[in-house]
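Colleague: Input file: start_37.tsv. Contents: TSV, C-alpha atoms.
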chain	number	residue	atom	x	y	z
A	1	MET	CA	62.78	106.76	150.90
A	2	ARG	CA	63.29	109.06	147.94
A	3	THR	CA	67.10	108.83	148.36
A	4	PHE	CA	66.94	105.04	148.50
A	5	THR	CA	64.78	104.85	145.36
A	6	ALA	CA	67.13	107.11	143.39
A	7	ALA	CA	70.17	105.10	144.48
A	8	ALA	CA	68.50	101.83	143.53
A	9	PHE	CA	67.57	103.24	140.12
A	10	ALA	CA	71.13	104.40	139.50
A	11	LEU	CA	72.50	101.03	140.56
A	12	GLY	CA	70.11	99.29	138.19
A	13	ILE	CA	71.19	101.44	135.28
A	14	ALA	CA	74.84	100.77	136.08
A	15	VAL	CA	74.32	97.00	136.28
A	16	ALA	CA	72.43	97.01	132.98
A	17	LEU	CA	75.18	98.94	131.22
A	18	VAL	CA	77.89	96.65	132.59
A	19	ALA	CA	75.92	93.62	131.45
A	20	LEU	CA	75.43	95.02	127.96
A	21	THR	CA	79.08	95.98	127.66
A	22	THR	CA	80.23	92.58	128.87
A	23	GLU	CA	78.00	90.81	126.39
A	24	ARG	CA	79.40	92.89	123.55
A	25	THR	CA	82.96	92.07	124.60
A	26	LEU	CA	82.20	88.40	124.63
A	27	ILE	CA	80.80	88.36	121.11
A	28	ALA	CA	83.64	90.44	119.62
A	29	HIS	CA	85.63	88.60	116.93
A	30	PRO	CA	89.03	87.45	118.17
A	31	ALA	CA	90.88	88.63	115.06
A	32	PRO	CA	89.62	92.05	113.96
A	33	CYS	CA	91.06	93.30	110.72
A	34	ASP	CA	93.62	96.08	110.28
A	35	PHE	CA	95.91	97.43	107.53
A	36	LEU	CA	99.42	96.75	106.32
A	37	THR	CA	101.38	98.98	103.96
A	38	GLY	CA	104.94	99.09	102.72
A	39	GLY	CA	107.45	99.71	100.01
A	40	GLY	CA	111.06	98.75	99.53
A	41	PHE	CA	113.42	96.26	97.99
A	42	ILE	CA	115.01	92.92	98.77
A	43	MET	CA	118.00	91.19	97.23
A	44	THR	CA	116.89	87.93	95.67
A	45	THR	CA	117.92	85.15	93.31
A	46	GLY	CA	114.30	84.25	92.59
A	47	SER	CA	114.99	80.99	94.44
A	48	ASN	CA	118.28	80.39	92.62
A	49	THR	CA	116.95	81.08	89.13
A	50	HIS	CA	119.28	84.03	88.48
A	51	ASP	CA	122.17	85.97	89.98
A	52	ILE	CA	121.32	88.07	93.00
A	53	ALA	CA	119.47	91.22	92.08
A	54	LYS	CA	117.02	93.72	93.47
A	55	GLY	CA	113.38	92.87	93.85
A	56	THR	CA	111.49	96.12	94.33
A	57	PHE	CA	107.99	96.07	95.79
A	58	ALA	CA	104.94	98.02	96.89
A	59	ILE	CA	102.34	96.30	99.04
A	60	GLY	CA	99.06	97.14	100.75
A	61	GLY	CA	96.45	94.98	102.45
A	62	GLY	CA	93.52	95.41	104.77
A	63	CYS	CA	89.79	95.39	105.33
A	64	LYS	CA	88.33	98.72	104.33
A	65	ASN	CA	84.54	98.53	104.59
A	66	GLY	CA	84.67	95.17	106.28
A	67	THR	CA	86.09	92.93	103.57
A	68	PRO	CA	89.70	91.79	103.20
A	69	THR	CA	90.00	93.17	99.67
A	70	TRP	CA	91.75	96.52	100.18
A	71	GLY	CA	95.28	96.91	98.93
A	72	HIS	CA	97.65	96.44	96.03
A	73	LEU	CA	100.86	94.75	94.87
A	74	GLU	CA	103.58	95.92	92.53
A	75	TYR	CA	106.76	93.86	92.13
A	76	HIS	CA	109.79	93.95	89.83
A	77	ASP	CA	112.62	91.40	89.92
A	78	HIS	CA	115.63	93.01	88.26
A	79	GLY	CA	117.34	89.63	87.86
A	80	ASN	CA	114.91	88.17	85.33
A	81	ASP	CA	112.90	91.36	84.63
A	82	LEU	CA	109.73	89.84	86.06
A	83	ASN	CA	106.95	92.36	86.57
A	84	ALA	CA	103.82	91.67	88.60
A	85	HIS	CA	100.91	94.09	88.84
A	86	TRP	CA	97.94	93.31	91.07
A	87	LEU	CA	94.47	92.69	89.63
A	88	THR	CA	92.52	91.75	92.77
A	89	ILE	CA	93.09	91.38	96.49
A	90	THR	CA	91.32	88.24	97.74
A	91	ALA	CA	92.64	87.69	101.25
A	92	TYR	CA	94.29	89.42	104.18
A	93	LEU	CA	95.46	87.00	106.84
A	94	ALA	CA	97.64	86.70	109.89
A	95	GLU	CA	100.34	84.09	109.88
A	96	GLY	CA	99.18	81.30	112.16
A	97	ASP	CA	95.95	81.29	114.15
A	98	GLY	CA	93.89	84.29	115.15
A	99	LEU	CA	96.05	87.38	115.19
A	100	GLY	CA	99.21	85.30	114.88
A	101	ASP	CA	102.30	87.12	116.16
A	102	THR	CA	100.60	90.51	116.44
A	103	GLY	CA	102.18	92.67	119.14
A	104	VAL	CA	102.90	96.32	119.89
A	105	ASP	CA	106.03	98.33	119.13
A	106	PRO	CA	107.00	99.86	122.51
A	107	LYS	CA	108.58	102.81	120.72
A	108	THR	CA	105.64	103.89	118.58
A	109	LYS	CA	102.74	101.99	120.20
A	110	GLN	CA	101.84	100.81	116.72
A	111	PRO	CA	101.03	97.14	116.11
A	112	THR	CA	103.70	94.76	114.87
A	113	GLY	CA	103.38	91.34	113.32
A	114	THR	CA	103.04	89.34	110.14
A	115	ARG	CA	100.33	89.49	107.50
A	116	LEU	CA	99.69	87.58	104.29
A	117	VAL	CA	98.25	89.56	101.39
A	118	CYS	CA	96.82	87.42	98.59
A	119	GLY	CA	95.22	88.03	95.25
A	120	THR	CA	95.66	87.81	91.51
A	121	ALA	CA	98.26	89.58	89.42
A	122	ARG	CA	99.23	90.03	85.79
A	123	THR	CA	102.85	89.24	85.01
A	124	ASN	CA	105.00	89.64	81.91
A	125	LEU	CA	106.57	86.17	82.27
A	126	TYR	CA	103.85	83.84	83.57
A	127	GLY	CA	100.59	85.44	82.49
A	128	ASP	CA	97.93	85.90	85.17
A	129	VAL	CA	98.81	84.26	88.46
A	130	TYR	CA	97.77	83.94	92.08
A	131	PHE	CA	100.12	85.72	94.47
A	132	MET	CA	100.85	85.62	98.16
A	133	VAL	CA	102.99	88.19	99.91
A	134	ARG	CA	104.30	87.58	103.41
A	135	ALA	CA	105.14	90.90	105.04
A	136	HIS	CA	106.37	91.37	108.60
A	137	ASP	CA	106.51	94.59	110.59
A	138	HIS	CA	109.16	94.19	113.29
A	139	GLY	CA	108.73	97.74	114.59
A	140	GLU	CA	110.87	100.80	114.07
A	141	PRO	CA	113.24	101.56	112.48
A	142	GLY	CA	112.18	98.83	110.06
A	143	THR	CA	115.55	97.23	109.44
A	144	GLU	CA	114.19	93.86	110.53
A	145	ASP	CA	110.94	94.14	108.59
A	146	GLN	CA	110.49	91.34	106.08
A	147	PHE	CA	109.05	90.79	102.60
A	148	ASP	CA	108.70	87.66	100.48
A	149	ILE	CA	106.50	86.81	97.52
A	150	ARG	CA	105.15	83.68	95.84
A	151	LEU	CA	103.44	83.40	92.45
A	152	LYS	CA	101.38	80.37	91.55
A	153	ARG	CA	99.68	79.30	88.32
A	154	ASP	CA	97.69	76.13	87.60
A	155	GLY	CA	98.56	74.85	91.06
A	156	VAL	CA	102.32	75.22	90.50
A	157	ILE	CA	104.62	77.76	92.12
A	158	VAL	CA	106.18	79.55	89.14
A	159	TYR	CA	108.17	82.11	91.10
A	160	THR	CA	109.12	82.65	94.72
A	161	THR	CA	111.72	84.41	96.82
A	162	GLU	CA	111.22	81.89	99.63
A	163	ASN	CA	113.69	79.15	98.70
A	164	GLU	CA	117.08	80.79	99.00
A	165	PRO	CA	119.56	81.63	101.75
A	166	GLY	CA	118.59	84.47	104.05
A	167	VAL	CA	114.85	83.88	103.94
A	168	PRO	CA	112.80	85.60	105.17
A	169	HIS	CA	114.25	88.64	103.43
A	170	GLU	CA	114.90	91.53	105.80
A	171	LEU	CA	114.81	95.10	104.55
A	172	ASN	CA	118.01	95.89	106.41
A	173	ASP	CA	118.40	99.63	105.93
A	174	GLY	CA	120.03	99.45	102.52
A	175	ASN	CA	122.41	96.62	103.37
A	176	GLY	CA	120.84	93.94	101.24
A	177	GLY	CA	117.41	95.48	101.32
A	178	GLY	CA	115.58	98.67	102.16
A	179	GLY	CA	112.24	100.27	102.89
A	180	ASN	CA	109.63	99.76	105.55
A	181	ILE	CA	106.62	97.60	106.33
A	182	GLN	CA	103.99	99.19	108.56
A	183	LEU	CA	101.13	97.43	110.29
A	184	HIS	CA	98.35	99.88	111.18
A	185	LYS	CA	95.74	99.56	113.88
A	186	PRO	CA	92.13	99.04	112.80
A	187	ASN	CA	90.06	102.07	111.91
A	188	PRO	CA	86.26	102.41	111.99
A	189	SER	CA	85.97	100.99	108.47
A	190	THR	CA	87.74	97.73	109.37
A	191	ASP	CA	84.75	96.10	111.02
A	192	GLY	CA	85.40	92.86	109.17
A	193	GLN	CA	87.79	90.13	110.10
A	194	LEU	CA	91.02	88.69	108.80
A	195	GLY	CA	90.25	86.17	106.09
A	196	GLY	CA	89.54	85.51	102.44
A	197	ASP	CA	90.74	83.06	99.82
A	198	CYS	CA	94.44	82.53	99.19
A	199	PRO	CA	95.05	79.89	96.48
A	200	ALA	CA	98.78	80.74	96.35
A	201	ARG	CA	99.10	79.67	99.98
A	202	GLU	CA	97.70	76.17	99.49
B	1	MET	CA	55.38	90.25	119.51
B	2	LYS	CA	59.05	90.13	120.49
B	3	LEU	CA	60.70	93.48	121.10
B	4	THR	CA	64.47	93.65	120.42
B	5	ILE	CA	66.52	96.62	121.59
B	6	SER	CA	70.17	96.77	120.58
B	7	LEU	CA	72.98	98.22	122.64
B	8	TRP	CA	73.41	101.07	120.20
B	9	SER	CA	69.75	102.00	120.25
B	10	LEU	CA	69.94	102.14	124.05
B	11	VAL	CA	73.01	104.34	123.87
B	12	ALA	CA	71.29	106.55	121.29
B	13	MET	CA	68.27	106.91	123.52
B	14	ALA	CA	70.50	107.67	126.49
B	15	CYS	CA	72.24	110.40	124.53
B	16	ALA	CA	68.89	111.77	123.38
B	17	ILE	CA	67.63	112.17	126.94
B	18	GLY	CA	70.92	113.62	128.11
B	19	LEU	CA	72.36	110.77	130.14
B	20	PHE	CA	75.54	110.97	128.04
B	21	PRO	CA	76.86	114.17	126.58
B	22	ALA	CA	77.47	114.24	122.86
B	23	ASP	CA	81.10	113.78	121.81
B	24	SER	CA	82.45	117.25	121.36
B	25	SER	CA	86.04	116.09	120.89
B	26	ALA	CA	85.69	114.34	117.52
B	27	GLN	CA	88.81	114.95	115.47
B	28	THR	CA	89.09	116.36	112.00
B	29	VAL	CA	91.60	114.35	110.06
B	30	SER	CA	93.35	114.96	106.79
B	31	GLY	CA	96.04	113.11	104.92
B	32	GLN	CA	97.35	112.36	101.48
B	33	ALA	CA	100.21	110.52	99.85
B	34	ARG	CA	101.65	110.84	96.39
B	35	ALA	CA	104.53	109.05	94.68
B	36	VAL	CA	105.38	111.77	92.16
B	37	GLN	CA	104.31	115.33	91.45
B	38	ALA	CA	106.03	117.24	88.67
B	39	THR	CA	105.27	120.84	87.76
B	40	VAL	CA	106.85	122.17	84.61
B	41	VAL	CA	106.95	125.70	83.24
B	42	THR	CA	105.53	125.75	79.71
B	43	PRO	CA	104.82	128.60	77.27
B	44	LEU	CA	101.16	128.28	78.31
B	45	GLY	CA	101.84	128.34	82.04
B	46	LEU	CA	102.44	125.71	84.69
B	47	SER	CA	101.66	122.10	83.92
B	48	THR	CA	101.37	119.66	86.84
B	49	SER	CA	101.32	115.88	86.60
B	50	THR	CA	101.02	113.32	89.39
B	51	LEU	CA	101.63	109.58	89.66
B	52	ALA	CA	100.14	107.22	92.27
B	53	ASP	CA	98.18	109.84	94.20
B	54	THR	CA	95.74	108.79	96.96
B	55	GLY	CA	93.80	112.03	96.93
B	56	THR	CA	92.74	113.41	100.30
B	57	LEU	CA	91.22	111.38	103.11
B	58	SER	CA	87.52	112.10	103.38
B	59	SER	CA	87.09	111.13	107.04
B	60	ALA	CA	88.50	109.14	109.94
B	61	THR	CA	86.91	106.02	108.44
B	62	ASP	CA	88.65	106.41	105.11
B	63	ALA	CA	91.60	104.42	103.77
B	64	ARG	CA	93.02	105.26	100.37
B	65	ASP	CA	95.72	103.74	98.22
B	66	ALA	CA	97.26	104.10	94.79
B	67	SER	CA	99.98	102.17	93.02
B	68	GLN	CA	101.63	101.70	89.64
B	69	LEU	CA	104.09	99.13	88.38
B	70	SER	CA	105.92	101.92	86.56
B	71	GLY	CA	105.27	105.49	85.59
B	72	SER	CA	106.73	108.49	83.87
B	73	VAL	CA	106.13	112.18	83.36
B	74	ASP	CA	107.25	113.01	79.85
B	75	SER	CA	111.04	112.77	79.72
B	76	LEU	CA	111.30	114.32	83.19
B	77	VAL	CA	110.65	111.46	85.61
B	78	THR	CA	110.60	107.68	85.44
B	79	ALA	CA	110.07	105.32	88.37
B	80	GLU	CA	108.86	101.82	89.23
B	81	THR	CA	106.76	100.16	91.95
B	82	LEU	CA	105.13	103.45	92.86
B	83	HIS	CA	103.05	103.31	96.02
B	84	ALA	CA	100.93	105.66	98.14
B	85	THR	CA	98.58	105.06	101.07
B	86	ALA	CA	96.66	107.26	103.50
B	87	ILE	CA	94.74	105.68	106.38
B	88	GLY	CA	92.56	107.51	108.87
B	89	SER	CA	91.32	106.42	112.27
B	90	SER	CA	89.53	108.06	115.16
B	91	ASP	CA	92.75	109.39	116.66
B	92	GLN	CA	95.42	109.04	114.00
B	93	VAL	CA	96.34	109.46	110.35
B	94	ALA	CA	99.13	107.49	108.69
B	95	SER	CA	100.37	108.29	105.18
B	96	GLU	CA	103.27	106.94	103.19
B	97	ALA	CA	104.61	107.00	99.65
B	98	SER	CA	107.51	105.30	97.93
B	99	VAL	CA	109.17	104.79	94.55
B	100	ALA	CA	112.01	102.62	93.31
B	101	GLY	CA	114.30	102.92	90.31
B	102	LEU	CA	113.92	106.69	90.20
B	103	ALA	CA	115.40	108.76	87.37
B	104	VAL	CA	114.82	112.50	87.08
B	105	ALA	CA	116.28	114.71	84.36
B	106	ILE	CA	115.74	118.46	84.56
B	107	GLY	CA	117.63	121.20	82.76
B	108	GLY	CA	120.82	119.21	82.35
B	109	THR	CA	120.77	117.79	85.88
B	110	SER	CA	120.10	114.12	86.50
B	111	VAL	CA	118.96	112.70	89.83
B	112	ASN	CA	118.79	108.97	90.45
B	113	ALA	CA	117.80	106.94	93.48
B	114	GLY	CA	117.35	103.23	94.03
B	115	PHE	CA	114.53	103.81	96.47
B	116	ALA	CA	112.81	106.75	98.17
B	117	GLN	CA	110.10	106.69	100.81
B	118	ALA	CA	108.29	109.27	102.96
B	119	ARG	CA	106.13	108.51	106.00
B	120	ALA	CA	103.97	110.72	108.19
B	121	THR	CA	101.75	109.77	111.12
B	122	THR	CA	99.99	111.95	113.66
B	123	GLY	CA	99.91	111.57	117.42
B	124	ASN	CA	102.34	111.73	120.34
B	125	LYS	CA	104.27	108.82	118.92
B	126	GLY	CA	103.92	110.14	115.39
B	127	VAL	CA	106.57	109.56	112.78
B	128	ARG	CA	107.89	112.00	110.21
B	129	SER	CA	110.67	110.46	108.22
B	130	ALA	CA	112.08	109.87	104.80
B	131	THR	CA	114.67	107.43	103.51
B	132	VAL	CA	116.55	107.61	100.23
B	133	HIS	CA	118.89	104.84	99.06
B	134	ASP	CA	121.56	104.99	96.38
B	135	LEU	CA	121.06	108.65	95.62
B	136	SER	CA	123.23	110.26	92.96
B	137	ILE	CA	123.26	113.65	91.26
B	138	ASN	CA	124.81	113.78	87.82
B	139	GLY	CA	126.33	110.39	88.55
B	140	VAL	CA	127.99	111.49	91.80
B	141	PRO	CA	126.88	109.48	94.85
B	142	ILE	CA	125.25	111.58	97.58
B	143	ASP	CA	125.04	110.53	101.21
B	144	ALA	CA	121.47	111.05	102.39
B	145	SER	CA	122.15	111.73	106.05
B	146	GLY	CA	118.62	111.18	107.28
B	147	ALA	CA	118.50	114.66	108.79
B	148	ALA	CA	115.46	116.74	107.99
B	149	ASN	CA	115.80	119.31	105.21
B	150	GLN	CA	119.23	118.27	103.94
B	151	THR	CA	119.75	120.72	101.08
B	152	ILE	CA	122.10	120.37	98.14
B	153	ALA	CA	122.71	123.08	95.56
B	154	ILE	CA	122.46	122.16	91.90
B	155	PRO	CA	122.84	124.39	88.83
B	156	GLY	CA	119.90	126.77	88.90
B	157	GLY	CA	118.24	125.28	91.96
B	158	THR	CA	118.26	122.96	94.94
B	159	ILE	CA	117.49	119.43	96.02
B	160	VAL	CA	116.07	118.95	99.50
B	161	ILE	CA	116.28	115.46	100.98
B	162	ASN	CA	113.80	114.50	103.71
B	163	GLU	CA	112.01	117.83	103.40
B	164	GLN	CA	109.73	118.43	106.38
B	165	THR	CA	107.33	121.36	106.34
B	166	GLY	CA	104.43	121.38	108.77
B	167	ASN	CA	102.57	118.10	108.36
B	168	VAL	CA	104.22	117.21	105.06
B	169	VAL	CA	107.24	115.01	104.45
B	170	ASN	CA	108.85	114.84	100.99
B	171	ALA	CA	111.58	112.30	100.37
B	172	LEU	CA	113.04	114.46	97.58
B	173	HIS	CA	112.12	117.95	96.39
B	174	ILE	CA	113.94	119.14	93.29
B	175	VAL	CA	113.53	122.72	92.15
B	176	ILE	CA	115.14	124.42	89.21
B	177	ALA	CA	113.91	128.00	89.08
B	178	GLY	CA	111.86	128.79	86.03
B	179	VAL	CA	112.06	125.21	84.76
B	180	ALA	CA	110.47	122.61	87.03
B	181	ASP	CA	109.45	121.63	90.55
B	182	VAL	CA	109.46	117.88	91.23
B	183	VAL	CA	108.42	116.19	94.47
B	184	ILE	CA	109.23	112.50	94.94
B	185	ALA	CA	107.39	110.47	97.61
B	186	SER	CA	105.25	112.89	99.58
B	187	ALA	CA	103.19	112.06	102.68
B	188	SER	CA	101.03	114.34	104.82
B	189	ALA	CA	99.04	113.61	107.98
B	190	ASN	CA	97.05	115.89	110.23
B	191	ALA	CA	94.49	115.35	113.00
B	192	GLN	CA	92.92	118.16	115.01
Starting from the file, lay out its structure as C-alpha cells.
Modeller:
Amino acid sequence: MRTFTAAAFALGIAVALVALTTERTLIAHPAPCDFLTGGGFIMTTGSNTHDIAKGTFAIGGGCKNGTPTWGHLEYHDHGNDLNAHWLTITAYLAEGDGLGDTGVDPKTKQPTGTRLVCGTARTNLYGDVYFMVRAHDHGEPGTEDQFDIRLKRDGVIVYTTENEPGVPHELNDGNGGGGNIQLHKPNPSTDGQLGGDCPARE
Amino acid sequence: MKLTISLWSLVAMACAIGLFPADSSAQTVSGQARAVQATVVTPLGLSTSTLADTGTLSSATDARDASQLSGSVDSLVTAETLHATAIGSSDQVASEASVAGLAVAIGGTSVNAGFAQARATTGNKGVRSATVHDLSINGVPIDASGAANQTIAIPGGTIVINEQTGNVVNALHIVIAGVADVVIASASANAQ
C-alpha cells in the first residue's frame, strides 16, 4: 500500500508539472524579441540622386528590458555628404508577420532573418527625420547580408537607398559593399516582443 | 478569498524543499567592444582615449551598445560611423565593433582603411574574426589576408591585422614604440 501511495503521489506531481509547463507554452508570445547588430557599407546612388558612392552605416536594434527601443543608427552617404545620427529607437520589427523569415544558420546555429529598425534621427540635409532601416542576416560569411535605409519627413520620403538597381543592397565582401549584419538570439532581458511605432514604414 | 499560485512560485517552493537542485552551472560572462582606443606617450605619462566603447557586460542579461557618427583622437585618429555592441545571454556572449573611413597618423606613418570590423562570440560555434577593406599604409595598398595575426613592419613598430589574443579580436593594432599604441575595432567575449 505504501509503495502504491508513493507512486500515485509521484505521478500526480508529474502530471501537474506537465500541465503547468504546457499552459506556459501555450501562452508564450509567437514573436519574442531578439537583437540585431551590424556595421558596413553599401554602394548607393541615393535612389539616383547622385553618382554611385559609399554609404557607410552602423546599426543596432533589439528589446533590452522588454521594450523595442534598444539600438542605434549612424549613416553617411559619401555621394551627397548626408549624415544621419540616431536620436531615438521607436520600433524593432520582423519583415512580414510574426517572426517573418527568421531561420537558423546551419553553420553557426545563430538566427538569420530580416529586421526593421525604426526611430528618429538628426540629419545635416533634412533636419530631424523618421528613419527605417531594413537589415537582413543571411548567415555566415555575411556576403549576402543586406542593408537599406529610408528617411521620411512630414510624410514624405526625403532619402532612400531602396529605389535603384541592385536593391536590396548586399554587403558582398568588399565587392560593392562590405561588413556584416548579425541577428542574435534573445537573452533574458528580451522578454518583450517585436513591435513599436515606425512612421517611416507607413 | 481566491488563492493564486504562479508557476514560478511553485518552482521556487520546489527548490526550497529540495525537489530540484539549485543551478550550480550558471555561467559567468564578460564582454566588451570598442571602436577606437589610442594610447599616446606624453611628457606626463601615458594618455589613453577611447571612442564608442560599450564598457563591460554586467551580467548575462546585459546588452550594451555605443555609436558615433564620427570621432577623432587629437590629430592621431579620425573615423566615421563608429559602432560597438556587446550582448550577453545565458550561454553566450557576442561582441562586435566597426569603423569606416579610418585615418590614422602616427610618427610619420599613415594608415587608412575604408572599413574595419572585429567580431567575437563564445560557444562551440563561436566566431573570432576581423575584416579590413581598402587598407593602405603610407598610401600603399595592403592585402588583408584574413589570417589571424597578419603582421606588417612599419618604421619603429608594427601593424597587426586581425589580431587574436585569448578572447580578444582587434581588427587593427598599430604600435610605434615609445610613441603610440592604437587599437581599431576591438571585440572580446568570454563565458565560463
Colleague: If we count all atoms listed in the file, which residues of chain A reach to within 9 Å of chain B? Please list them as a PyMOL selection string.
Modeller: chain A and resi 17+20-21+24+35+37-41+56-60+64-65+70-76+83-86+107-110+173-174+178-180+184-190
Colleague: List as a PDB file with C-alpha atoms, keeping the file's coordinate frame: which residues have an atom within 10 Å of (96.3, 120.3, 117.8), counting all atoms listed in the file?
Modeller:
ATOM      1  CA  GLN B  27      88.810 114.950 115.470  1.00  0.00           C
ATOM      2  CA  GLY B 123      99.910 111.570 117.420  1.00  0.00           C
ATOM      3  CA  ASN B 190      97.050 115.890 110.230  1.00  0.00           C
ATOM      4  CA  ALA B 191      94.490 115.350 113.000  1.00  0.00           C
ATOM      5  CA  GLN B 192      92.920 118.160 115.010  1.00  0.00           C
TER       6      GLN B 192
END
Colleague: Give me the residues within 10 Å of range 153-164 of chain A as a PyMOL selection string, counting only C-alpha atoms and dropping any in the same chain fewer than 5 places off.
Modeller: chain A and resi 42-49+55+77+82+120+125-134+147-148+169+199-202
Colleague: With a distance cut-off of 7 Å and only C-alpha atoms, select the neighbouring residues of Ser186 in chain B, excluding the residue or stretch itself and same-chain residues fewer than 2 positions from it, and output the selection as a PyMOL selection string.
Modeller: chain B and resi 33-35+97+118+169-171+183-184+188
Colleague: Please produce an output containing C-alpha atoms for each residue in the selection, written as an mmCIF file, in the frame of the given file.
Modeller:
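Written out: part-v2.cif:
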data_model
loop_
_atom_site.group_PDB
_atom_site.id
_atom_site.type_symbol
_atom_site.label_atom_id
_atom_site.label_comp_id
_atom_site.auth_asym_id
_atom_site.auth_seq_id
_atom_site.Cartn_x
_atom_site.Cartn_y
_atom_site.Cartn_z
ATOM 1 C CA ALA B 33 100.210 110.520 99.850
ATOM 2 C CA ARG B 34 101.650 110.840 96.390
ATOM 3 C CA ALA B 35 104.530 109.050 94.680
ATOM 4 C CA ALA B 97 104.610 107.000 99.650
ATOM 5 C CA ALA B 118 108.290 109.270 102.960
ATOM 6 C CA VAL B 169 107.240 115.010 104.450
ATOM 7 C CA ASN B 170 108.850 114.840 100.990
ATOM 8 C CA ALA B 171 111.580 112.300 100.370
ATOM 9 C CA VAL B 183 108.420 116.190 94.470
ATOM 10 C CA ILE B 184 109.230 112.500 94.940
ATOM 11 C CA SER B 188 101.030 114.340 104.820
#
Colleague: Can you tell me how far CA of Gly55 in chain B sits from CA of Val168 in chain B, in Å to one decimal?
Modeller: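 It comes out at 14.2 Å.
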Colleague: In Å, rounded to a single decimal, give me how far CA of Ala53 in chain A is from CA of Asn162 in chain B.
Modeller: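 Straight-line distance from CA of Asn162 in chain B to CA of Ala53 in chain A works out to 26.6 Å.
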Colleague: To one decimal in Å, tell me the separation between CA of Pro111 in chain A and CA of Asn149 in chain B.
Modeller: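 Separation between CA of Pro111 in chain A and CA of Asn149 in chain B: 28.8 Å.
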Colleague: Of the candidates A:Gly177, A:Gly66, A:Gly100, A:Gly195, which shows the shortest atom-to-atom distance to Lys54 in chain A, using all atoms listed in the file?
Modeller: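 Of all the options, A:Gly177 lies closest to Lys54 in chain A.
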Colleague: Can you pull out every residue within 8 Å of Thr114 in chain A, counting all atoms listed in the file, but drop anything in the same chain fewer than 3 positions away, and send it as a ChimeraX atom specification?
Modeller: /A:94-95,100-102,134-137
Colleague: Pick from A:Val104, A:Leu194, A:Leu36, A:Val117: nearest to Ile181 in chain A, with only C-alpha atoms counted?
Modeller: A:Leu36
Colleague: Quick one: residues within 6 Å of Glu170 in chain A, all atoms listed in the file counted, chain neighbours fewer than 6 positions away excluded, as a list in words?
Modeller: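 Final neighbour list, sorted by chain and number: Glu144, Asp145 and Gln146 of chain A.
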Colleague: Could the residues in this selection be saved with C-alpha atoms as a JSON list (two decimals), keeping the file's coordinate frame?
Modeller:
[["chain", "number", "residue", "atom", "x", "y", "z"],
["A", 144, "GLU", "CA", 114.19, 93.86, 110.53],
["A", 145, "ASP", "CA", 110.94, 94.14, 108.59],
["A", 146, "GLN", "CA", 110.49, 91.34, 106.08]]
Colleague: Excluding Thr151 in chain B and its own-chain neighbours fewer than 4 positions away, which residues fall within 12 Å of it when counting all atoms listed in the file? Please give them as number ranges by chain.
Modeller: B: 142-147, 157-164, 171-175
